[in-house]
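Engineer: Dropping in my_file_39.pdb, with PDB, C-alpha atoms.
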```pdb
MODEL        1
ATOM      1  CA  MET A   1       0.000   0.000   0.000  1.00  0.00           C
ATOM      2  CA  ILE A   2       1.138   3.538  -0.805  1.00  0.00           C
ATOM      3  CA  ARG A   3       0.210   6.648   1.153  1.00  0.00           C
ATOM      4  CA  VAL A   4       1.422  10.191   0.517  1.00  0.00           C
ATOM      5  CA  GLN A   5       0.136  12.530   3.191  1.00  0.00           C
ATOM      6  CA  VAL A   6       0.706  15.633   5.315  1.00  0.00           C
ATOM      7  CA  GLU A   7      -0.325  13.907   8.553  1.00  0.00           C
ATOM      8  CA  ASP A   8       1.934  11.965  10.890  1.00  0.00           C
ATOM      9  CA  PHE A   9       1.494   8.197  11.231  1.00  0.00           C
ATOM     10  CA  ASP A  10       1.648   5.678  14.083  1.00  0.00           C
ATOM     11  CA  VAL A  11       4.423   3.196  13.295  1.00  0.00           C
ATOM     12  CA  GLY A  12       3.138   0.564  15.741  1.00  0.00           C
ATOM     13  CA  ARG A  13      -0.389   0.619  14.385  1.00  0.00           C
ATOM     14  CA  GLU A  14       0.797   0.554  10.783  1.00  0.00           C
ATOM     15  CA  LEU A  15       3.003  -2.477  11.438  1.00  0.00           C
ATOM     16  CA  GLU A  16       0.148  -4.256  13.197  1.00  0.00           C
ATOM     17  CA  LYS A  17      -2.165  -3.635  10.230  1.00  0.00           C
ATOM     18  CA  LEU A  18       0.457  -4.929   7.807  1.00  0.00           C
ATOM     19  CA  SER A  19       0.267  -8.470   9.161  1.00  0.00           C
ATOM     20  CA  ASP A  20      -3.185  -8.358  10.754  1.00  0.00           C
ATOM     21  CA  GLY A  21      -5.179 -11.514  10.051  1.00  0.00           C
ATOM     22  CA  ASN A  22      -2.401 -13.056   7.968  1.00  0.00           C
ATOM     23  CA  LEU A  23      -0.948 -15.927   9.971  1.00  0.00           C
ATOM     24  CA  ASP A  24       1.476 -16.812   7.139  1.00  0.00           C
ATOM     25  CA  VAL A  25       3.547 -13.756   8.048  1.00  0.00           C
ATOM     26  CA  GLY A  26       6.628 -14.732  10.011  1.00  0.00           C
ATOM     27  CA  GLY A  27       8.366 -11.378  10.049  1.00  0.00           C
ATOM     28  CA  VAL A  28       7.891  -7.677   9.400  1.00  0.00           C
ATOM     29  CA  SER A  29      10.799  -5.346   8.689  1.00  0.00           C
ATOM     30  CA  CYS A  30      10.553  -1.572   8.792  1.00  0.00           C
ATOM     31  CA  PHE A  31      12.578   1.584   8.158  1.00  0.00           C
ATOM     32  CA  VAL A  32      11.459   4.965   9.531  1.00  0.00           C
ATOM     33  CA  GLY A  33      13.133   8.182   8.334  1.00  0.00           C
ATOM     34  CA  LEU A  34      13.215  11.256  10.608  1.00  0.00           C
ATOM     35  CA  VAL A  35      14.094  14.941  10.198  1.00  0.00           C
ATOM     36  CA  ARG A  36      17.563  15.707  11.650  1.00  0.00           C
ATOM     37  CA  ASP A  37      18.296  18.975  13.461  1.00  0.00           C
ATOM     38  CA  MET A  38      21.597  19.607  11.660  1.00  0.00           C
ATOM     39  CA  ALA A  39      22.598  20.008   8.004  1.00  0.00           C
ATOM     40  CA  GLY A  40      26.395  19.972   7.987  1.00  0.00           C
ATOM     41  CA  ASP A  41      27.234  22.644  10.574  1.00  0.00           C
ATOM     42  CA  LYS A  42      23.910  24.475  10.271  1.00  0.00           C
ATOM     43  CA  THR A  43      20.893  24.149  12.531  1.00  0.00           C
ATOM     44  CA  VAL A  44      17.729  23.035  10.779  1.00  0.00           C
ATOM     45  CA  LYS A  45      14.618  24.850  12.003  1.00  0.00           C
ATOM     46  CA  THR A  46      12.148  23.241   9.628  1.00  0.00           C
ATOM     47  CA  MET A  47      12.212  20.974   6.610  1.00  0.00           C
ATOM     48  CA  THR A  48       9.635  21.377   3.868  1.00  0.00           C
ATOM     49  CA  LEU A  49       9.019  18.507   1.486  1.00  0.00           C
ATOM     50  CA  GLU A  50       7.713  19.320  -1.959  1.00  0.00           C
ATOM     51  CA  HIS A  51       6.579  16.629  -4.384  1.00  0.00           C
ATOM     52  CA  TYR A  52       5.046  16.051  -7.811  1.00  0.00           C
ATOM     53  CA  PRO A  53       1.731  14.468  -6.835  1.00  0.00           C
ATOM     54  CA  ALA A  54       0.770  12.820 -10.136  1.00  0.00           C
ATOM     55  CA  MET A  55       4.200  11.266 -10.491  1.00  0.00           C
ATOM     56  CA  THR A  56       4.778  10.417  -6.817  1.00  0.00           C
ATOM     57  CA  GLU A  57       1.907   7.936  -6.688  1.00  0.00           C
ATOM     58  CA  LYS A  58       3.061   6.340  -9.937  1.00  0.00           C
ATOM     59  CA  ALA A  59       6.730   6.123  -8.896  1.00  0.00           C
ATOM     60  CA  LEU A  60       5.937   4.668  -5.461  1.00  0.00           C
ATOM     61  CA  ALA A  61       3.527   2.134  -6.981  1.00  0.00           C
ATOM     62  CA  GLU A  62       6.262   1.034  -9.401  1.00  0.00           C
ATOM     63  CA  ILE A  63       8.766   0.664  -6.536  1.00  0.00           C
ATOM     64  CA  GLU A  64       6.275  -1.386  -4.536  1.00  0.00           C
ATOM     65  CA  ALA A  65       5.435  -3.583  -7.546  1.00  0.00           C
ATOM     66  CA  GLU A  66       9.140  -4.185  -8.128  1.00  0.00           C
ATOM     67  CA  ALA A  67       9.599  -5.347  -4.503  1.00  0.00           C
ATOM     68  CA  LEU A  68       6.562  -7.627  -4.724  1.00  0.00           C
ATOM     69  CA  GLY A  69       8.020  -9.144  -7.895  1.00  0.00           C
ATOM     70  CA  ARG A  70      11.451  -9.754  -6.401  1.00  0.00           C
ATOM     71  CA  TRP A  71      10.612 -11.209  -2.984  1.00  0.00           C
ATOM     72  CA  PRO A  72       7.874 -13.509  -1.677  1.00  0.00           C
ATOM     73  CA  LEU A  73       6.049 -10.846   0.342  1.00  0.00           C
ATOM     74  CA  ALA A  74       2.679 -10.928   2.065  1.00  0.00           C
ATOM     75  CA  ASP A  75       2.402  -7.142   1.922  1.00  0.00           C
ATOM     76  CA  THR A  76       4.366  -3.900   1.747  1.00  0.00           C
ATOM     77  CA  LEU A  77       3.734  -0.367   2.965  1.00  0.00           C
ATOM     78  CA  ILE A  78       5.226   2.970   1.984  1.00  0.00           C
ATOM     79  CA  ILE A  79       4.057   6.124   3.760  1.00  0.00           C
ATOM     80  CA  HIS A  80       5.739   9.393   2.750  1.00  0.00           C
ATOM     81  CA  ARG A  81       4.853  12.766   4.212  1.00  0.00           C
ATOM     82  CA  TYR A  82       5.080  16.182   2.536  1.00  0.00           C
ATOM     83  CA  GLY A  83       4.678  19.760   3.726  1.00  0.00           C
ATOM     84  CA  GLN A  84       6.494  21.447   6.596  1.00  0.00           C
ATOM     85  CA  LEU A  85       8.156  19.212   9.211  1.00  0.00           C
ATOM     86  CA  ALA A  86      10.342  19.892  12.258  1.00  0.00           C
ATOM     87  CA  PRO A  87      13.425  18.063  13.587  1.00  0.00           C
ATOM     88  CA  GLY A  88      12.374  14.746  15.117  1.00  0.00           C
ATOM     89  CA  ASP A  89       9.299  14.434  12.896  1.00  0.00           C
ATOM     90  CA  ARG A  90       8.754  11.242  10.922  1.00  0.00           C
ATOM     91  CA  ILE A  91       9.189  11.705   7.148  1.00  0.00           C
ATOM     92  CA  VAL A  92       8.826   8.243   5.712  1.00  0.00           C
ATOM     93  CA  MET A  93       8.105   4.648   6.594  1.00  0.00           C
ATOM     94  CA  ALA A  94       8.892   1.620   4.417  1.00  0.00           C
ATOM     95  CA  ALA A  95       7.901  -1.830   5.624  1.00  0.00           C
ATOM     96  CA  ALA A  96       7.621  -5.348   4.266  1.00  0.00           C
ATOM     97  CA  ALA A  97       5.954  -8.470   5.654  1.00  0.00           C
ATOM     98  CA  SER A  98       6.900 -11.983   4.618  1.00  0.00           C
ATOM     99  CA  ALA A  99       6.882 -15.591   5.775  1.00  0.00           C
ATOM    100  CA  HIS A 100      10.636 -15.339   6.335  1.00  0.00           C
ATOM    101  CA  ARG A 101      12.950 -12.664   7.655  1.00  0.00           C
ATOM    102  CA  GLU A 102      15.389 -12.455   4.733  1.00  0.00           C
ATOM    103  CA  ALA A 103      12.684 -11.400   2.276  1.00  0.00           C
ATOM    104  CA  ALA A 104      11.169  -8.910   4.732  1.00  0.00           C
ATOM    105  CA  ILE A 105      14.491  -7.290   5.665  1.00  0.00           C
ATOM    106  CA  GLU A 106      15.842  -7.132   2.114  1.00  0.00           C
ATOM    107  CA  ALA A 107      12.579  -5.799   0.689  1.00  0.00           C
ATOM    108  CA  ALA A 108      12.294  -3.012   3.293  1.00  0.00           C
ATOM    109  CA  HIS A 109      15.916  -2.047   2.571  1.00  0.00           C
ATOM    110  CA  PHE A 110      15.204  -2.061  -1.169  1.00  0.00           C
ATOM    111  CA  LEU A 111      12.041   0.047  -0.790  1.00  0.00           C
ATOM    112  CA  ILE A 112      13.820   2.866   1.029  1.00  0.00           C
ATOM    113  CA  ASP A 113      16.926   2.780  -1.192  1.00  0.00           C
ATOM    114  CA  TRP A 114      14.913   2.961  -4.415  1.00  0.00           C
ATOM    115  CA  LEU A 115      12.491   5.488  -3.050  1.00  0.00           C
ATOM    116  CA  LYS A 116      15.358   7.851  -2.226  1.00  0.00           C
ATOM    117  CA  THR A 117      16.581   8.000  -5.808  1.00  0.00           C
ATOM    118  CA  LYS A 118      13.303   7.535  -7.725  1.00  0.00           C
ATOM    119  CA  ALA A 119      10.386   9.153  -5.889  1.00  0.00           C
ATOM    120  CA  PRO A 120       9.933  12.822  -6.894  1.00  0.00           C
ATOM    121  CA  PHE A 121      10.337  14.555  -3.530  1.00  0.00           C
ATOM    122  CA  TRP A 122      12.584  17.518  -2.735  1.00  0.00           C
ATOM    123  CA  LYS A 123      13.652  18.764   0.691  1.00  0.00           C
ATOM    124  CA  LEU A 124      14.042  22.429   1.577  1.00  0.00           C
ATOM    125  CA  GLU A 125      15.825  23.034   4.888  1.00  0.00           C
ATOM    126  CA  GLU A 126      15.257  26.302   6.722  1.00  0.00           C
ATOM    127  CA  THR A 127      18.495  27.245   8.513  1.00  0.00           C
ATOM    128  CA  PRO A 128      19.676  30.496  10.201  1.00  0.00           C
ATOM    129  CA  ASP A 129      21.260  31.353   6.798  1.00  0.00           C
ATOM    130  CA  GLY A 130      17.944  30.961   4.977  1.00  0.00           C
ATOM    131  CA  GLY A 131      16.353  28.189   2.979  1.00  0.00           C
ATOM    132  CA  GLN A 132      18.534  25.696   1.156  1.00  0.00           C
ATOM    133  CA  TRP A 133      17.502  22.821  -1.107  1.00  0.00           C
ATOM    134  CA  VAL A 134      19.060  19.544  -0.046  1.00  0.00           C
ATOM    135  CA  ASP A 135      21.459  18.183  -2.659  1.00  0.00           C
ATOM    136  CA  ALA A 136      21.101  14.628  -3.883  1.00  0.00           C
ATOM    137  CA  ARG A 137      23.920  12.464  -2.514  1.00  0.00           C
ATOM    138  CA  SER A 138      26.045  10.127  -4.577  1.00  0.00           C
ATOM    139  CA  THR A 139      25.960   7.676  -1.656  1.00  0.00           C
ATOM    140  CA  ASP A 140      22.199   7.391  -2.203  1.00  0.00           C
ATOM    141  CA  ASP A 141      22.845   6.512  -5.847  1.00  0.00           C
ATOM    142  CA  SER A 142      25.324   3.809  -4.879  1.00  0.00           C
ATOM    143  CA  ALA A 143      22.903   2.482  -2.259  1.00  0.00           C
ATOM    144  CA  ALA A 144      20.229   2.166  -4.949  1.00  0.00           C
ATOM    145  CA  GLU A 145      22.646   0.661  -7.465  1.00  0.00           C
ATOM    146  CA  ARG A 146      23.275  -2.351  -5.250  1.00  0.00           C
ATOM    147  CA  TRP A 147      19.728  -3.481  -6.128  1.00  0.00           C
ATOM    148  CA  ILE A 148      20.179  -3.235  -9.880  1.00  0.00           C
ATOM    149  CA  LYS A 149      19.933  -6.686 -11.389  1.00  0.00           C
ATOM    150  CA  ASP A 150      22.604  -7.870 -13.816  1.00  0.00           C
TER     151      ASP A 150
ATOM    152  CA  MET B   1       2.118  21.230 -23.788  1.00  0.00           C
ATOM    153  CA  LYS B   2       2.011  21.605 -20.041  1.00  0.00           C
ATOM    154  CA  LEU B   3       5.298  22.398 -18.304  1.00  0.00           C
ATOM    155  CA  LEU B   4       5.868  21.878 -14.585  1.00  0.00           C
ATOM    156  CA  TYR B   5       8.807  23.003 -12.442  1.00  0.00           C
ATOM    157  CA  PHE B   6       9.839  21.849  -8.979  1.00  0.00           C
ATOM    158  CA  ALA B   7      12.235  22.822  -6.171  1.00  0.00           C
ATOM    159  CA  TRP B   8      15.005  25.264  -7.180  1.00  0.00           C
ATOM    160  CA  VAL B   9      14.210  24.890 -10.886  1.00  0.00           C
ATOM    161  CA  LYS B  10      10.798  26.376 -10.080  1.00  0.00           C
ATOM    162  CA  GLU B  11      12.333  29.150  -7.964  1.00  0.00           C
ATOM    163  CA  LYS B  12      14.822  30.145 -10.671  1.00  0.00           C
ATOM    164  CA  ALA B  13      12.319  29.918 -13.517  1.00  0.00           C
ATOM    165  CA  GLY B  14       9.877  31.943 -11.387  1.00  0.00           C
ATOM    166  CA  VAL B  15       6.894  29.794 -12.354  1.00  0.00           C
ATOM    167  CA  SER B  16       5.466  26.489 -11.123  1.00  0.00           C
ATOM    168  CA  HIS B  17       3.478  25.507 -14.206  1.00  0.00           C
ATOM    169  CA  GLU B  18       2.472  26.912 -17.566  1.00  0.00           C
ATOM    170  CA  ASP B  19       0.940  25.927 -20.880  1.00  0.00           C
ATOM    171  CA  VAL B  20       3.178  26.631 -23.859  1.00  0.00           C
ATOM    172  CA  ILE B  21       3.259  26.102 -27.587  1.00  0.00           C
ATOM    173  CA  PRO B  22       6.932  25.882 -28.553  1.00  0.00           C
ATOM    174  CA  PRO B  23       7.994  26.784 -32.093  1.00  0.00           C
ATOM    175  CA  GLY B  24       8.228  24.102 -34.762  1.00  0.00           C
ATOM    176  CA  GLY B  25      11.516  22.224 -34.630  1.00  0.00           C
ATOM    177  CA  VAL B  26      11.277  21.593 -30.895  1.00  0.00           C
ATOM    178  CA  ALA B  27      11.112  17.807 -31.105  1.00  0.00           C
ATOM    179  CA  THR B  28      13.011  16.517 -28.069  1.00  0.00           C
ATOM    180  CA  VAL B  29      13.563  17.358 -24.416  1.00  0.00           C
ATOM    181  CA  ALA B  30      16.978  18.788 -25.354  1.00  0.00           C
ATOM    182  CA  ASP B  31      15.344  21.074 -27.954  1.00  0.00           C
ATOM    183  CA  LEU B  32      12.791  22.173 -25.386  1.00  0.00           C
ATOM    184  CA  ILE B  33      15.514  23.067 -22.868  1.00  0.00           C
ATOM    185  CA  GLN B  34      17.402  25.092 -25.493  1.00  0.00           C
ATOM    186  CA  TRP B  35      14.223  26.966 -26.335  1.00  0.00           C
ATOM    187  CA  GLN B  36      13.528  27.549 -22.625  1.00  0.00           C
ATOM    188  CA  ILE B  37      17.007  29.044 -22.098  1.00  0.00           C
ATOM    189  CA  GLY B  38      16.190  31.669 -24.724  1.00  0.00           C
ATOM    190  CA  ARG B  39      12.921  32.644 -23.025  1.00  0.00           C
ATOM    191  CA  GLY B  40      14.486  34.855 -20.362  1.00  0.00           C
ATOM    192  CA  ASP B  41      16.935  35.249 -17.512  1.00  0.00           C
ATOM    193  CA  GLY B  42      15.039  33.074 -14.998  1.00  0.00           C
ATOM    194  CA  TYR B  43      14.839  30.182 -17.435  1.00  0.00           C
ATOM    195  CA  ALA B  44      18.458  30.640 -18.491  1.00  0.00           C
ATOM    196  CA  GLU B  45      19.483  30.419 -14.830  1.00  0.00           C
ATOM    197  CA  ALA B  46      17.233  27.440 -14.126  1.00  0.00           C
ATOM    198  CA  PHE B  47      18.712  25.457 -17.010  1.00  0.00           C
ATOM    199  CA  ALA B  48      22.303  26.762 -16.766  1.00  0.00           C
ATOM    200  CA  ASP B  49      23.625  23.458 -15.395  1.00  0.00           C
ATOM    201  CA  GLU B  50      21.963  20.783 -17.505  1.00  0.00           C
ATOM    202  CA  ALA B  51      23.683  18.013 -15.529  1.00  0.00           C
ATOM    203  CA  MET B  52      21.507  19.008 -12.564  1.00  0.00           C
ATOM    204  CA  ILE B  53      18.228  18.830 -14.489  1.00  0.00           C
ATOM    205  CA  ARG B  54      15.983  15.771 -14.425  1.00  0.00           C
ATOM    206  CA  VAL B  55      13.003  15.465 -16.736  1.00  0.00           C
ATOM    207  CA  ALA B  56       9.755  13.510 -16.682  1.00  0.00           C
ATOM    208  CA  VAL B  57       7.403  13.270 -19.652  1.00  0.00           C
ATOM    209  CA  ASN B  58       3.893  12.231 -18.638  1.00  0.00           C
ATOM    210  CA  GLN B  59       5.187  11.334 -15.153  1.00  0.00           C
ATOM    211  CA  GLU B  60       7.950   8.994 -16.381  1.00  0.00           C
ATOM    212  CA  TYR B  61      11.672   9.766 -16.158  1.00  0.00           C
ATOM    213  CA  VAL B  62      13.179  10.304 -19.613  1.00  0.00           C
ATOM    214  CA  GLY B  63      16.528  11.258 -21.132  1.00  0.00           C
ATOM    215  CA  PHE B  64      17.170  14.486 -23.027  1.00  0.00           C
ATOM    216  CA  ASP B  65      16.767  12.683 -26.350  1.00  0.00           C
ATOM    217  CA  HIS B  66      13.145  11.751 -25.568  1.00  0.00           C
ATOM    218  CA  PRO B  67      10.568  13.194 -27.991  1.00  0.00           C
ATOM    219  CA  VAL B  68       8.083  15.814 -26.828  1.00  0.00           C
ATOM    220  CA  ALA B  69       4.686  16.520 -28.339  1.00  0.00           C
ATOM    221  CA  ILE B  70       1.676  18.778 -27.939  1.00  0.00           C
ATOM    222  CA  GLY B  71      -0.446  17.342 -25.130  1.00  0.00           C
ATOM    223  CA  ASP B  72       2.517  16.090 -23.101  1.00  0.00           C
ATOM    224  CA  GLU B  73       3.010  16.995 -19.459  1.00  0.00           C
ATOM    225  CA  ILE B  74       6.704  17.757 -19.057  1.00  0.00           C
ATOM    226  CA  ALA B  75       8.307  18.316 -15.644  1.00  0.00           C
ATOM    227  CA  PHE B  76      11.744  19.782 -14.905  1.00  0.00           C
ATOM    228  CA  PHE B  77      13.380  19.334 -11.511  1.00  0.00           C
ATOM    229  CA  PRO B  78      16.672  18.725  -9.684  1.00  0.00           C
ATOM    230  CA  PRO B  79      17.763  15.229  -8.622  1.00  0.00           C
ATOM    231  CA  VAL B  80      15.215  13.944  -6.114  1.00  0.00           C
ATOM    232  CA  THR B  81      15.890  13.927  -2.358  1.00  0.00           C
ATOM    233  CA  GLY B  82      13.006  12.050  -0.748  1.00  0.00           C
ATOM    234  CA  GLY B  83      13.119   9.390   1.913  1.00  0.00           C
TER     235      GLY B  83
ENDMDL
END
```
Transcribe the structure of this file into structure tokens.
Structural biologist:
Amino acid sequence: MIRVQVEDFDVGRELEKLSDGNLDVGGVSCFVGLVRDMAGDKTVKTMTLEHYPAMTEKALAEIEAEALGRWPLADTLIIHRYGQLAPGDRIVMAAAASAHREAAIEAAHFLIDWLKTKAPFWKLEETPDGGQWVDARSTDDSAAERWIKD
Amino acid sequence: MKLLYFAWVKEKAGVSHEDVIPPGGVATVADLIQWQIGRGDGYAEAFADEAMIRVAVNQEYVGFDHPVAIGDEIAFFPPVTGG
């Protein structure tokens, strides 16, 4: 399931729902991304996430479909927030449920790595020096590349 | 065609979305960017570093050699930073 929303989410409840009623599920793996209070040596007051709504849904659905095709999963969940957030706020949650732990752990890792380089979101950090757009990191590209199939 | 701009590309171009009819001869994304650069200072600044520009045609990532046509929705933005 994909959700793109302004509102916060309850990680515990979301994880419960992911395996609720499915007794085949032997493990659920989850990554939660949070807003940090520092960008390099600058204090972050707020972080505003902008996105391209029509494309975001499509890109996240493709990422989810790819995970479901690669691993034997009972279910997956991606929740991504947009709008203005503060340090400590949850930004994103990526989770996968499977009969076995390897598939769940790998799929959750894959979801967040691919999402970072493929989902059309942009972060604007408000610091004492003004607003600055977060640059894409080459380490995110290499993290995503590890999942590229030969 | 409908053009969309996001993040600092939007700020530099000074517009978030617009409907345009480019001149004949604009057949690819690369052609469209060249035409945009000639439209004014904001656009020239937005597209000054082409290596930092990502493009989606009808919500799918494409390369600069991808064709563009009337009726397309074309978005210009920096590398994404979600997650």
Engineer: Determine the nearest neighbour of Trp35 of chain B from the options B:Phe47, B:Phe77, B:Tyr5, B:Tyr61, counting only C-alpha atoms.
Structural biologist: B:Phe47
Engineer: Residues near Thr81 of chain B, anyone? I mean within 9 Å using all atoms listed in the file, not counting same-chain ones fewer than 3 positions away, as a list in words.
Structural biologist: Lys116, Thr117, Lys118, Ala119, Pro120, Phe121, Trp122, Lys123, Val134, Asp135, Ala136 and Arg137 of chain A; Pro78 of chain B
Engineer: Decode the ChimeraX specification (/A :<8) & /B for the given file into explicit residues and return them as an NGL selection string.
Structural biologist: :B and (6-8 or 59-60 or 79-83)
Engineer: I'd like the contact shell of Asp41 of chain B - 9 Å cut-off, all atoms listed in the file, skipping same-chain residues fewer than 5 positions apart - returned as a ChimeraX atom specification.
Structural biologist: /B:12-13,46
Engineer: For atom CA of Val9 of chain B and atom CA of Met52 of chain B, determine how far apart the two atoms are, in Å to one decimal place.
Structural biologist: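 Atom-to-atom, atom CA of Val9 of chain B to atom CA of Met52 of chain B, that is 9.5 Å.
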Engineer: Excluding Gly63 of chain B and any residue of its chain fewer than 6 positions from it, enumerate the residues within 9 Å of it, using only C-alpha atoms, and give them as a PyMOL selection string.
Structural biologist: chain B and resi 29-30+54-56
Engineer: If we count all atoms listed in the file, what is near segment 7-13 of chain A at a cut-off of 7 Å, once residues fewer than 3 positions away on the same chain are taken out, given as a PyMOL selection string?
Structural biologist: chain A and resi 16-17+81+90
Engineer: Would you output that residue set with C-alpha atoms, as a PDB file, in the frame of the given file?
Structural biologist:
```
ATOM      1  CA  GLU A  16       0.148  -4.256  13.197  1.00  0.00           C
ATOM      2  CA  LYS A  17      -2.165  -3.635  10.230  1.00  0.00           C
ATOM      3  CA  ARG A  81       4.853  12.766   4.212  1.00  0.00           C
ATOM      4  CA  ARG A  90       8.754  11.242  10.922  1.00  0.00           C
TER       5      ARG A  90
END
```
Engineer: Using atom CA of Val62 of chain B and atom CA of Glu11 of chain B as the two end points, give the distance in Å to one decimal.
Structural biologist: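 Spanning atom CA of Val62 of chain B to atom CA of Glu11 of chain B is a straight-line distance of 22.2 Å.
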Engineer: Enter the distance from atom CA of Phe31 of chain A to atom CA of His109 of chain A, in Å, rounded to one decimal.
Structural biologist: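 Here the two named atoms are 7.5 Å from each other.
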